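Here is work_21.txt, consisting of compact mmCIF, C-alpha atoms:
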# COMPACT_ATOMS: atom_id res chain seq x y z
CA MET L 1 0.00 0.00 0.00
CA ASP L 2 1.26 3.48 -0.88
CA CYS L 3 1.74 6.13 1.76
CA LEU L 4 -1.55 7.84 2.56
CA ARG L 5 -1.70 11.52 3.54
CA VAL L 6 -3.85 13.00 6.30
CA LEU L 7 -4.08 16.65 7.30
CA PHE L 8 -5.15 17.23 10.91
CA VAL L 9 -6.70 20.64 11.61
CA SER L 10 -6.81 21.47 15.31
CA SER L 11 -5.49 24.01 17.76
CA ARG L 12 -4.84 21.12 20.18
CA CYS L 13 -1.16 20.29 19.66
CA GLU L 14 -1.31 17.50 22.25
CA ASP L 15 -3.91 15.70 20.11
CA ALA L 16 -1.67 16.05 17.06
CA GLY L 17 1.20 14.38 18.90
CA MET L 18 -1.01 11.57 20.17
CA LEU L 19 -2.56 10.93 16.74
CA SER L 20 0.85 10.96 15.09
CA GLN L 21 2.00 8.22 17.48
CA MET L 22 -1.17 6.19 16.90
CA LEU L 23 -0.61 6.29 13.13
CA LYS L 24 3.11 5.38 13.20
CA PRO L 25 2.54 1.65 12.55
CA ASP L 26 0.65 2.49 9.35
CA PRO L 27 1.93 3.96 6.08
CA ILE L 28 0.13 7.25 6.78
CA GLU L 29 1.85 10.59 6.37
CA PHE L 30 0.37 12.84 9.05
CA GLU L 31 0.55 16.64 8.97
CA HIS L 32 -0.88 19.12 11.46
CA VAL L 33 -2.06 22.72 11.13
CA SER L 34 -3.69 24.70 13.91
CA SER L 35 -6.20 26.80 12.00
CA LEU L 36 -8.58 27.09 9.09
CA GLN L 37 -6.11 29.43 7.40
CA GLY L 38 -3.36 26.81 7.76
CA ALA L 39 -5.69 24.19 6.28
CA ARG L 40 -6.48 26.46 3.33
CA GLU L 41 -2.76 26.97 2.65
CA ASN L 42 -1.83 23.28 2.93
CA LEU L 43 -4.81 22.08 0.89
CA GLY L 44 -3.96 24.59 -1.82
CA GLN L 45 -0.38 23.31 -2.07
CA SER L 46 -0.60 19.56 -1.43
CA SER L 47 -2.87 16.60 -2.03
CA TYR L 48 -4.40 14.70 0.89
CA GLY L 49 -6.50 11.56 1.04
CA ALA L 50 -8.28 12.79 4.15
CA VAL L 51 -8.66 15.80 6.38
CA LEU L 52 -9.35 15.21 10.06
CA THR L 53 -10.68 18.40 11.59
CA GLU L 54 -11.62 19.45 15.08
CA ALA L 55 -15.25 20.63 15.08
CA TYR L 56 -14.37 24.13 16.28
CA LEU L 57 -11.23 26.07 15.37
CA PRO L 58 -9.93 29.48 16.43
CA ASP L 59 -10.88 30.94 13.03
CA GLY L 60 -13.76 28.75 11.88
CA ASP L 61 -15.33 25.34 12.22
CA TRP L 62 -15.65 22.00 10.46
CA LYS L 63 -18.13 23.39 7.93
CA ASP L 64 -15.54 25.97 6.89
CA VAL L 65 -12.93 23.22 6.42
CA LEU L 66 -15.38 21.21 4.31
CA GLY L 67 -16.14 24.36 2.30
CA VAL L 68 -12.43 24.99 1.67
CA THR L 69 -12.00 21.47 0.25
CA TRP L 70 -14.94 22.09 -2.08
CA GLU L 71 -13.78 25.59 -2.98
CA LEU L 72 -10.32 24.34 -3.93
CA GLY L 73 -11.77 21.37 -5.80
CA THR L 74 -9.54 18.91 -3.93
CA CYS L 75 -12.39 17.22 -2.08
CA PRO L 76 -10.49 14.79 0.18
CA ALA L 77 -12.58 12.78 2.62
CA VAL L 78 -13.32 15.03 5.61
CA VAL L 79 -13.58 13.44 9.06
CA VAL L 80 -14.74 15.54 12.01
CA THR L 81 -13.83 15.06 15.65
CA HIS L 82 -15.46 16.62 18.69
CA ARG L 83 -15.19 15.90 22.40
CA PHE L 84 -18.90 16.26 23.09
CA ALA L 85 -20.51 14.98 19.90
CA ASP L 86 -23.86 13.26 20.04
CA ASP L 87 -25.96 11.39 17.47
CA ARG L 88 -27.53 14.60 16.20
CA PHE L 89 -24.11 16.17 15.54
CA TRP L 90 -22.88 12.98 13.86
CA ALA L 91 -25.94 12.98 11.56
CA GLU L 92 -25.34 16.64 10.63
CA VAL L 93 -21.70 15.90 9.80
CA LEU L 94 -22.68 13.05 7.48
CA ASN L 95 -25.65 14.87 5.93
CA LEU L 96 -23.52 17.87 4.95
CA GLY L 97 -20.99 15.71 3.11
CA CYS L 98 -18.29 14.57 5.52
CA TYR L 99 -16.92 11.04 5.36
CA ASP L 100 -17.26 10.19 9.06
CA MET L 101 -16.78 11.36 12.61
CA LEU L 102 -14.16 10.23 15.14
CA ALA L 103 -15.19 10.17 18.77
CA GLN L 104 -12.91 11.41 21.52
CA PRO L 105 -11.09 10.25 23.47
CA PHE L 106 -9.30 8.69 20.52
CA ASP L 107 -9.04 4.92 20.21
CA ALA L 108 -5.94 3.96 18.20
CA ARG L 109 -7.62 1.10 16.34
CA GLU L 110 -10.62 3.25 15.40
CA VAL L 111 -8.40 6.17 14.31
CA ARG L 112 -6.37 3.91 12.02
CA ARG L 113 -9.45 2.18 10.61
CA ILE L 114 -11.38 5.34 9.78
CA LEU L 115 -8.46 7.36 8.40
CA THR L 116 -7.09 4.49 6.32
CA SER L 117 -10.54 3.82 4.91
CA ALA L 118 -11.11 7.53 4.22
CA CYS L 119 -7.82 7.77 2.32
CA GLU L 120 -8.26 4.57 0.35
CA GLN L 121 -11.90 5.01 -0.57
CA PRO L 122 -12.81 8.66 -0.33
CA PRO L 123 -16.43 9.45 -1.03
CA ALA L 124 -17.38 10.22 -4.60
CA LYS L 125 -16.84 13.89 -5.31
CA PRO L 126 -20.12 15.54 -4.31
CA ALA L 127 -22.02 16.97 -7.27
CA GLY L 128 -21.56 20.41 -5.73
CA CYS L 129 -17.88 20.08 -4.92
CA ASP L 130 -17.15 23.62 -6.01
CA TRP L 131 -17.31 27.22 -4.91
CA GLN L 132 -21.09 27.48 -5.34
CA ALA L 133 -21.59 24.48 -3.07
CA SER L 134 -19.34 25.94 -0.40
CA THR L 135 -21.38 29.13 -0.57
CA ALA L 136 -24.56 27.10 -0.08
CA LEU L 137 -22.92 25.29 2.84
CA LYS L 138 -22.15 28.65 4.45
CA ALA L 139 -25.80 29.68 4.03
CA ALA L 140 -26.89 26.49 5.83
CA SER L 141 -24.75 27.38 8.85

Would you write the structure of this file as structure tokens?
Amino acid sequence: MDCLRVLFVSSRCEDAGMLSQMLKPDPIEFEHVSSLQGARENLGQSSYGAVLTEAYLPDGDWKDVLGVTWELGTCPAVVVTHRFADDRFWAEVLNLGCYDMLAQPFDAREVRRILTSACEQPPAKPAGCDWQASTALKAAS
């Protein structure tokens, strides 16, 4: 299996370190940025199989990250994580076009399973995977 690339978007550096250690046994290249702006820059310069994003960021939220992937046309699988997520939040994440949600605290086996699967079989590019769709996503917020 080729090396898979995941971008983690979170202001929580301790989570980035923990996730990096969890993914070491797998051929997954793991990069971390702490903001929506950092995600926009990295996604504009590099290709990723998946983006794992914290639900709430200092300069945006998971919907903004999803919108950036659509805006740039890269459309990697987006996985959301949140410490206090419930079934309603999980349903919203899936209904708006994300690949999955990762519960916290992180379980190493579940992290590897979801991120590997997201990278290997990303969802089909949504019909609206473009700037207009990201604008519509913003309106739904």

Region 72-88 of chain L: which residues within 10 Å, counting all atoms listed in the file, same-chain residues fewer than 5 positions away excluded, as an mmCIF file with C-alpha atoms, in the coordinates of the input?
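Written out: around16.cif:
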data_model
loop_
_atom_site.group_PDB
_atom_site.id
_atom_site.type_symbol
_atom_site.label_atom_id
_atom_site.label_comp_id
_atom_site.auth_asym_id
_atom_site.auth_seq_id
_atom_site.Cartn_x
_atom_site.Cartn_y
_atom_site.Cartn_z
ATOM 1 C CA ARG L 5 -1.700 11.520 3.540
ATOM 2 C CA VAL L 6 -3.850 13.000 6.300
ATOM 3 C CA LEU L 7 -4.080 16.650 7.300
ATOM 4 C CA PHE L 8 -5.150 17.230 10.910
ATOM 5 C CA VAL L 9 -6.700 20.640 11.610
ATOM 6 C CA SER L 10 -6.810 21.470 15.310
ATOM 7 C CA ARG L 40 -6.480 26.460 3.330
ATOM 8 C CA LEU L 43 -4.810 22.080 0.890
ATOM 9 C CA GLY L 44 -3.960 24.590 -1.820
ATOM 10 C CA SER L 46 -0.600 19.560 -1.430
ATOM 11 C CA SER L 47 -2.870 16.600 -2.030
ATOM 12 C CA TYR L 48 -4.400 14.700 0.890
ATOM 13 C CA GLY L 49 -6.500 11.560 1.040
ATOM 14 C CA ALA L 50 -8.280 12.790 4.150
ATOM 15 C CA VAL L 51 -8.660 15.800 6.380
ATOM 16 C CA LEU L 52 -9.350 15.210 10.060
ATOM 17 C CA THR L 53 -10.680 18.400 11.590
ATOM 18 C CA GLU L 54 -11.620 19.450 15.080
ATOM 19 C CA ALA L 55 -15.250 20.630 15.080
ATOM 20 C CA TYR L 56 -14.370 24.130 16.280
ATOM 21 C CA ASP L 61 -15.330 25.340 12.220
ATOM 22 C CA TRP L 62 -15.650 22.000 10.460
ATOM 23 C CA LYS L 63 -18.130 23.390 7.930
ATOM 24 C CA VAL L 65 -12.930 23.220 6.420
ATOM 25 C CA LEU L 66 -15.380 21.210 4.310
ATOM 26 C CA GLY L 67 -16.140 24.360 2.300
ATOM 27 C CA VAL L 93 -21.700 15.900 9.800
ATOM 28 C CA LEU L 94 -22.680 13.050 7.480
ATOM 29 C CA GLY L 97 -20.990 15.710 3.110
ATOM 30 C CA CYS L 98 -18.290 14.570 5.520
ATOM 31 C CA TYR L 99 -16.920 11.040 5.360
ATOM 32 C CA ASP L 100 -17.260 10.190 9.060
ATOM 33 C CA MET L 101 -16.780 11.360 12.610
ATOM 34 C CA LEU L 102 -14.160 10.230 15.140
ATOM 35 C CA ALA L 103 -15.190 10.170 18.770
ATOM 36 C CA GLN L 104 -12.910 11.410 21.520
ATOM 37 C CA PRO L 105 -11.090 10.250 23.470
ATOM 38 C CA PHE L 106 -9.300 8.690 20.520
ATOM 39 C CA ILE L 114 -11.380 5.340 9.780
ATOM 40 C CA LEU L 115 -8.460 7.360 8.400
ATOM 41 C CA SER L 117 -10.540 3.820 4.910
ATOM 42 C CA ALA L 118 -11.110 7.530 4.220
ATOM 43 C CA CYS L 119 -7.820 7.770 2.320
ATOM 44 C CA GLU L 120 -8.260 4.570 0.350
ATOM 45 C CA GLN L 121 -11.900 5.010 -0.570
ATOM 46 C CA PRO L 122 -12.810 8.660 -0.330
ATOM 47 C CA PRO L 123 -16.430 9.450 -1.030
ATOM 48 C CA ALA L 124 -17.380 10.220 -4.600
ATOM 49 C CA LYS L 125 -16.840 13.890 -5.310
ATOM 50 C CA PRO L 126 -20.120 15.540 -4.310
ATOM 51 C CA GLY L 128 -21.560 20.410 -5.730
ATOM 52 C CA CYS L 129 -17.880 20.080 -4.920
ATOM 53 C CA ASP L 130 -17.150 23.620 -6.010
ATOM 54 C CA TRP L 131 -17.310 27.220 -4.910
ATOM 55 C CA SER L 134 -19.340 25.940 -0.400
#

To one decimal in Å, tell me the separation between CA of Glu71 (chain L) and CA of Pro27 (chain L). 28.2 Å

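With all atoms listed in the file as the atoms that count, the residue of L:Leu4, L:Leu19, L:Leu96, L:Ala91 with the shortest distance to Val111 (chain L) is L:Leu19.
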
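Closest to Asp26 (chain L) among L:Thr116, L:Thr69, L:Asn42, L:Ser11 is L:Thr116, based on all atoms listed in the file.
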
Atomic distance CA of Val33 (chain L) - CA of Gly17 (chain L), expressed in Å with one decimal: 11.9 Å

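Excluding Pro25 (chain L) itself and any same-chain residue fewer than 4 positions from it, the protein and nucleic acid residues within 12 Å of it, counting all atoms listed in the file, are Cys3, Leu19, Ser20, Gln21, Glu29, Phe30, Ala108, Arg109, Val111, Arg112 and Thr116 of chain L.
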
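The two atoms in question, CA of His32 (chain L) and CA of Ala16 (chain L), are spaced 6.4 Å apart.
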